[in-house]
Each structure stands twice: as structure tokens, then as C-alpha cells.
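J.: The following file, model-v4.cif, comprises mmCIF, C-alpha atoms:
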```cif
data_structure
#
loop_
_atom_site.label_atom_id
_atom_site.label_comp_id
_atom_site.auth_asym_id
_atom_site.auth_seq_id
_atom_site.Cartn_x
_atom_site.Cartn_y
_atom_site.Cartn_z
CA MET I 262 -39.01 -62.27 154.06
CA ASN I 263 -38.86 -59.05 156.02
CA ARG I 264 -35.51 -60.07 157.45
CA LEU I 265 -34.06 -60.75 153.98
CA THR I 266 -35.14 -57.32 152.80
CA LYS I 267 -33.42 -55.75 155.82
CA GLN I 268 -30.19 -57.59 154.96
CA GLN I 269 -30.42 -56.49 151.35
CA PHE I 270 -31.09 -52.93 152.43
CA THR I 271 -28.11 -53.02 154.80
CA MET I 272 -25.88 -54.44 152.06
CA LYS I 273 -27.01 -51.65 149.71
CA GLN I 274 -26.07 -49.12 152.38
CA TYR I 275 -22.59 -50.61 152.71
CA VAL I 276 -22.07 -50.58 148.96
CA LEU I 277 -23.32 -46.98 148.75
CA VAL I 278 -21.04 -45.82 151.57
CA ALA I 279 -18.05 -47.66 150.04
CA PHE I 280 -18.77 -46.07 146.67
CA LEU I 281 -18.99 -42.59 148.19
CA VAL I 282 -15.74 -43.04 150.13
CA ILE I 283 -13.85 -44.30 147.07
CA SER I 284 -15.19 -41.62 144.74
CA THR I 285 -14.46 -38.87 147.29
CA THR I 286 -10.91 -40.15 147.72
CA ILE I 287 -10.33 -40.29 143.97
CA SER I 288 -11.85 -36.89 143.28
CA SER I 289 -9.90 -35.28 146.14
CA GLN I 290 -6.65 -36.35 144.43
CA TYR I 291 -7.61 -34.74 141.13
CA VAL I 292 -6.54 -31.14 140.71
CA ASP I 293 -7.97 -29.07 137.86
CA ARG I 294 -4.59 -27.80 136.75
CA SER I 295 -5.10 -27.99 133.00
CA PHE I 296 -3.21 -25.20 131.28
CA PHE I 297 -1.09 -24.29 128.28
CA LYS I 298 2.53 -23.08 128.52
CA ALA I 299 4.81 -21.57 125.91
CA GLY I 300 8.39 -20.47 126.23
CA ILE I 301 11.72 -19.79 124.65
CA HIS I 302 15.14 -21.19 125.43
CA VAL I 303 18.79 -20.82 124.51
CA GLY I 304 20.84 -23.96 124.09
CA VAL I 305 24.47 -24.95 123.96
CA PRO I 306 25.36 -28.18 122.14
CA VAL I 307 27.49 -30.67 124.05
CA GLY I 308 29.29 -33.85 123.03
CA ASP I 309 29.40 -34.58 119.30
CA ALA I 310 26.90 -31.80 118.60
CA ALA I 311 29.43 -29.22 119.82
CA ASP I 312 31.54 -30.02 116.73
CA LEU I 313 28.68 -28.96 114.44
CA ALA I 314 27.09 -25.99 116.23
CA ASN I 315 27.92 -23.54 119.00
CA VAL I 316 24.59 -22.00 120.05
CA GLY I 317 20.90 -22.25 119.29
CA PHE I 318 17.45 -21.27 120.43
CA GLY I 319 14.07 -22.85 120.61
CA LEU I 320 10.35 -22.51 121.15
CA ASP I 321 8.62 -24.83 123.62
CA LEU I 322 4.86 -25.56 123.74
CA TYR I 323 3.22 -27.62 126.51
CA GLN I 324 -0.32 -28.72 127.36
CA HIS I 325 -0.62 -29.78 131.03
CA TRP I 326 -3.29 -31.92 132.70
CA GLY I 327 -3.14 -32.25 136.47
CA ILE I 328 -3.66 -35.82 137.62
CA SER I 329 -3.03 -35.17 141.33
CA LYS I 330 -1.77 -32.44 143.62
CA LYS I 331 1.83 -33.43 142.88
CA PHE I 332 1.80 -34.74 139.27
CA ASP I 333 0.97 -33.46 135.79
CA LEU I 334 0.95 -35.29 132.48
CA GLY I 335 0.82 -33.70 129.06
CA LEU I 336 2.02 -33.20 125.51
CA ALA I 337 5.02 -31.20 124.33
CA THR I 338 6.24 -29.89 121.00
CA GLY I 339 8.18 -26.95 119.62
CA VAL I 340 11.23 -26.31 117.52
CA GLN I 341 14.99 -26.28 118.19
CA TYR I 342 17.25 -24.31 115.83
CA TYR I 343 21.06 -24.48 116.10
CA PHE I 344 23.49 -22.41 114.04
CA GLY I 345 26.10 -24.43 112.14
CA LEU I 346 29.80 -23.81 112.75
CA ASP I 347 31.94 -22.45 109.94
CA SER I 348 35.07 -24.44 109.07
CA THR I 349 38.31 -23.13 107.62
CA ILE I 350 40.23 -25.34 105.23
CA ASP I 351 43.82 -24.51 104.25
CA ILE I 352 44.43 -25.28 100.58
CA GLY I 353 47.94 -24.25 99.63
CA PRO I 354 48.52 -20.53 100.20
CA GLU I 355 44.81 -19.71 100.69
CA ALA I 356 42.25 -20.63 103.32
CA ILE I 357 38.64 -21.36 102.39
CA THR I 358 35.80 -20.90 104.85
CA VAL I 359 32.94 -23.38 104.54
CA ARG I 360 29.60 -22.43 106.05
CA GLY I 361 28.25 -25.09 108.42
CA GLU I 362 24.66 -26.24 107.96
CA ASP I 363 22.12 -25.21 110.60
CA THR I 364 20.35 -27.96 112.53
CA ILE I 365 16.58 -27.94 113.09
CA TYR I 366 14.52 -30.39 115.14
CA ALA I 367 10.85 -30.50 116.11
CA PRO I 368 10.11 -32.78 119.08
CA LEU I 369 6.76 -34.53 119.57
CA ALA I 370 6.61 -35.84 123.11
CA ALA I 371 4.64 -36.79 126.16
CA PHE I 372 5.79 -35.50 129.52
CA PHE I 373 5.35 -35.75 133.27
CA ARG I 374 5.99 -33.17 135.98
CA PHE I 375 6.42 -33.70 139.71
CA TYR I 376 5.89 -30.78 142.12
CA PRO I 377 7.92 -31.31 145.34
CA SER I 378 6.96 -27.72 146.33
CA LYS I 379 4.76 -24.96 144.95
CA SER I 380 7.65 -23.20 143.20
CA ILE I 381 9.75 -26.12 141.90
CA ASN I 382 8.95 -28.91 139.47
CA LEU I 383 10.99 -31.79 138.09
CA GLY I 384 10.12 -33.86 135.10
CA GLY I 385 10.92 -35.15 131.70
CA ASP I 386 9.78 -35.24 128.10
CA ILE I 387 9.98 -38.41 126.05
CA GLY I 388 9.08 -38.97 122.42
CA TYR I 389 10.40 -38.53 118.90
CA ALA I 390 12.16 -35.55 117.28
CA ILE I 391 11.82 -34.90 113.56
CA GLY I 392 14.94 -33.64 111.79
CA PHE I 393 14.49 -30.98 109.09
CA ASN I 394 17.89 -31.08 107.38
CA ASP I 395 19.55 -33.28 104.79
CA PHE I 396 22.03 -34.59 107.34
CA THR I 397 19.78 -34.76 110.44
CA ASP I 398 17.58 -37.76 110.89
CA GLY I 399 14.87 -37.91 113.48
CA GLY I 400 15.33 -39.96 116.57
CA PHE I 401 14.36 -40.91 120.09
CA TYR I 402 13.94 -37.69 122.11
CA TYR I 403 14.28 -37.27 125.87
CA ARG I 404 14.60 -34.14 127.98
CA PRO I 405 14.87 -34.12 131.79
CA THR I 406 13.85 -30.70 133.17
CA LEU I 407 14.03 -28.58 136.33
CA SER I 408 11.84 -25.50 136.66
CA PHE I 409 11.67 -22.65 139.21
CA ASP I 410 8.59 -20.40 139.35
CA LEU I 411 9.26 -16.68 139.03
CA SER I 412 5.58 -15.80 139.45
CA PRO I 413 2.24 -17.61 139.08
CA GLY I 414 2.49 -17.05 135.31
CA SER I 415 6.20 -17.59 134.55
CA ALA I 416 9.13 -19.87 135.36
CA LEU I 417 12.82 -20.43 134.65
CA ASN I 418 13.33 -23.77 132.93
CA PHE I 419 16.61 -25.72 132.69
CA SER I 420 17.07 -28.97 130.82
CA TYR I 421 19.33 -31.43 129.10
CA ALA I 422 17.90 -32.52 125.73
CA ALA I 423 19.08 -35.45 123.62
CA ILE I 424 18.02 -36.84 120.28
CA GLU I 425 19.41 -40.29 119.58
CA GLY I 426 19.61 -40.77 115.84
CA GLU I 427 20.77 -43.78 113.90
CA ASN I 428 24.38 -42.59 113.64
CA ALA I 429 24.83 -39.98 116.41
CA THR I 430 23.27 -38.30 119.43
CA TRP I 431 22.47 -34.58 119.35
CA SER I 432 22.77 -33.30 122.93
CA THR I 433 22.22 -29.81 124.35
CA ILE I 434 21.97 -28.00 127.66
CA THR I 435 19.23 -25.38 127.66
CA GLY I 436 17.93 -22.55 129.82
CA GLY I 437 14.86 -20.47 129.21
CA VAL I 438 11.67 -18.83 130.33
CA ILE I 439 8.19 -20.36 130.18
CA PHE I 440 4.89 -18.52 130.41
CA ARG I 441 1.62 -20.01 131.61
CA PHE I 442 -1.64 -19.21 129.78
#
```
Starting from the coordinates I provided, produce the structure as C-alpha cells.
T.:
Amino acid sequence: MNRLTKQQFTMKQYVLVAFLVISTTISSQYVDRSFFKAGIHVGVPVGDAADLANVGFGLDLYQHWGISKKFDLGLATGVQYYFGLDSTIDIGPEAITVRGEDTIYAPLAAFFRFYPSKSINLGGDIGYAIGFNDFTDGGFYYRPTLSFDLSPGSALNFSYAAIEGENATWSTITGGVIFRF
């Protein structure tokens, strides 16, 4: 009986040591890098969107959660506002200028970020963008990004953003500044 108790005690030690090793390994990967970021960007429509607008701006909001030393996951939202292009129509001897409608989208997305170095991160947003115009439908939203830290609290952010609607894709190239809070 004494021998059986020794074996049980030894097995409990192995289980305890294995548990400590696994939990230490998992907790050493976690980085408390939860933070909020907000920024502004300027965008230039490309592709079919370039026929409807020439420039725009936006507000970006991000909530980050660090899942390891190299990766973050989070939620993203904001607003993208693009100024409609005016069109000139020649009718007989006179020309008429028609004001183009502005385009407004609000993305709702999840994102990931990879940090190959302390000052650079790569990632992407993926989700749905809501259209706020009569002619803009919402659609599948994706936005690959590249960011360069300017300081511990700010970064330059470059991206390509696309919203795939039912009838067309709204694509833009953006550059902006993001601030960490």
C-alpha cells in the first residue's frame, strides 16, 4: 500500500510539473498590449471608383489585443468620406454641370497585425462596410495595411481598401497617421 501511494505521489508530481511548464509557456507568449488607436487618413479612389470621386478622407478607430509578442487581434471601425466628381454635359450651345454625389462608408471589421520588428507592422482588416448613400450598397470589406512607427504613440499607416458591393467594387489607396491611446 505504501508503494502505491508513492507511485500516486510521483504521478501527481509529474502532472504538476507538466502543468506548470505548459502554463508558463502559454503565459510567456501573451503580451499585455491591449490599447486603443485612432487616426485620420486621406484616400485616392482607384479603378471604377476613380470615375465617381477624386479624393476623400476618413477616421479610423481600432481596439487591439495582444495575443503574442508578434501578433495582435482586434476590432476596427470608422468612416470613409469621398467627394463626388462634377460632370459637365453639353446640351446644344450650353454646358450644364451636374454635381456628383459624395460617397460615405462605415466599415465594421476584425483585424490582425503582425510585428516583424518593433517599428513596423503588417496586417489586414476584414468585415463589412455599410454604405450611407442612395447609390452605395454595403459590401464585403478588406484592407491590407502597412504601418511605420514615428514614436511610441504614433505611426504612419498605408493601406489599400476595397468594398465589394453587389454591382461594383469601391477601391482606394490611403495614407494617414494613427495615434495610440
J.: Can you measure CA of Leu411 in chain I to CA of Ala367 in chain I for me? One decimal in Å is fine.
T.: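 Distance reported for this atom pair: 26.8 Å.
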J.: Can you tell me how far CA of Val303 in chain I sits from CA of Pro405 in chain I, in Å to one decimal?
T.: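 Interatomic distance here is 15.7 Å.
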J.: What are the closest atom pairs, with distances in Å to one decimal, for each residue of range 369-424 of chain I lying within 8 Å of range 331-339 of chain I, using all atoms listed in the file, rows by chain and rising residue number, as JSON lines?
T.:
```
{"residue": "I:Leu369", "atom": "CA", "partner": "I:Thr338", "partner_atom": "CA", "distance": 4.9}
{"residue": "I:Ala370", "atom": "CA", "partner": "I:Ala337", "partner_atom": "CA", "distance": 5.1}
{"residue": "I:Ala371", "atom": "CA", "partner": "I:Leu336", "partner_atom": "CA", "distance": 4.5}
{"residue": "I:Phe372", "atom": "CA", "partner": "I:Gly335", "partner_atom": "CA", "distance": 5.3}
{"residue": "I:Phe373", "atom": "CA", "partner": "I:Leu334", "partner_atom": "CA", "distance": 4.5}
{"residue": "I:Arg374", "atom": "CA", "partner": "I:Asp333", "partner_atom": "CA", "distance": 5.0}
{"residue": "I:Phe375", "atom": "CA", "partner": "I:Phe332", "partner_atom": "CA", "distance": 4.8}
{"residue": "I:Tyr376", "atom": "CA", "partner": "I:Lys331", "partner_atom": "CA", "distance": 4.9}
{"residue": "I:Pro377", "atom": "CA", "partner": "I:Lys331", "partner_atom": "CA", "distance": 6.9}
{"residue": "I:Asp386", "atom": "CA", "partner": "I:Ala337", "partner_atom": "CA", "distance": 7.3}
```
J.: Let me know the residues the PyMOL selection byres ((chain I and resi 441) around 8) catches in the file above, as an MDAnalysis selection string.
T.: chainID I and resid 296:299 413:415 439:440 442
J.: Measuring between all atoms listed in the file, which one of I:Asp410, I:Asp321, I:Asp363, I:Glu425 shows the shortest distance to Tyr342 in chain I?
T.: I:Asp363
J.: Given the file shown, determine the residues that the PyMOL selection byres ((chain I and resi 399) around 8) selects; report them as an MDAnalysis selection string.
T.: chainID I and resid 366 389:392 397:398 400:401 424:426
J.: For the residues in that selection, give me C-alpha atoms as an mmCIF file, in the coordinates of the input.
T.:
```cif
data_model
loop_
_atom_site.group_PDB
_atom_site.id
_atom_site.type_symbol
_atom_site.label_atom_id
_atom_site.label_comp_id
_atom_site.auth_asym_id
_atom_site.auth_seq_id
_atom_site.Cartn_x
_atom_site.Cartn_y
_atom_site.Cartn_z
ATOM 1 C CA TYR I 366 14.520 -30.390 115.140
ATOM 2 C CA TYR I 389 10.400 -38.530 118.900
ATOM 3 C CA ALA I 390 12.160 -35.550 117.280
ATOM 4 C CA ILE I 391 11.820 -34.900 113.560
ATOM 5 C CA GLY I 392 14.940 -33.640 111.790
ATOM 6 C CA THR I 397 19.780 -34.760 110.440
ATOM 7 C CA ASP I 398 17.580 -37.760 110.890
ATOM 8 C CA GLY I 400 15.330 -39.960 116.570
ATOM 9 C CA PHE I 401 14.360 -40.910 120.090
ATOM 10 C CA ILE I 424 18.020 -36.840 120.280
ATOM 11 C CA GLU I 425 19.410 -40.290 119.580
ATOM 12 C CA GLY I 426 19.610 -40.770 115.840
#
```
J.: Go ahead and compute the interatomic distance for CA of Leu313 in chain I and CA of Leu417 in chain I, in Å to one decimal.
T.: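 We find that CA of Leu313 in chain I and CA of Leu417 in chain I lie 27.1 Å from each other.
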J.: Write out as a PyMOL selection string which residues come within 7 Å of Leu407 in chain I when counting all atoms listed in the file, dropping same-chain ones fewer than 3 positions away.
T.: chain I and resi 382-384+418-420
J.: Find the residues near Gly304 in chain I: any atom within 10 Å, counting all atoms listed in the file, skip ones fewer than 5 places away on the same chain, and give them as a PyMOL selection string.
T.: chain I and resi 315-319+341-343+419-422+432-437
J.: Can you tell me, as a list in words, what residues are no more than 9 Å from range 354-361 of chain I when counting only C-alpha atoms, ignoring any on the same chain fewer than 2 positions away?
T.: Leu313, Ala314, Phe344, Gly345, Leu346, Asp347, Ser348, Thr349, Ile350, Asp351, Ile352 and Asp363 of chain I
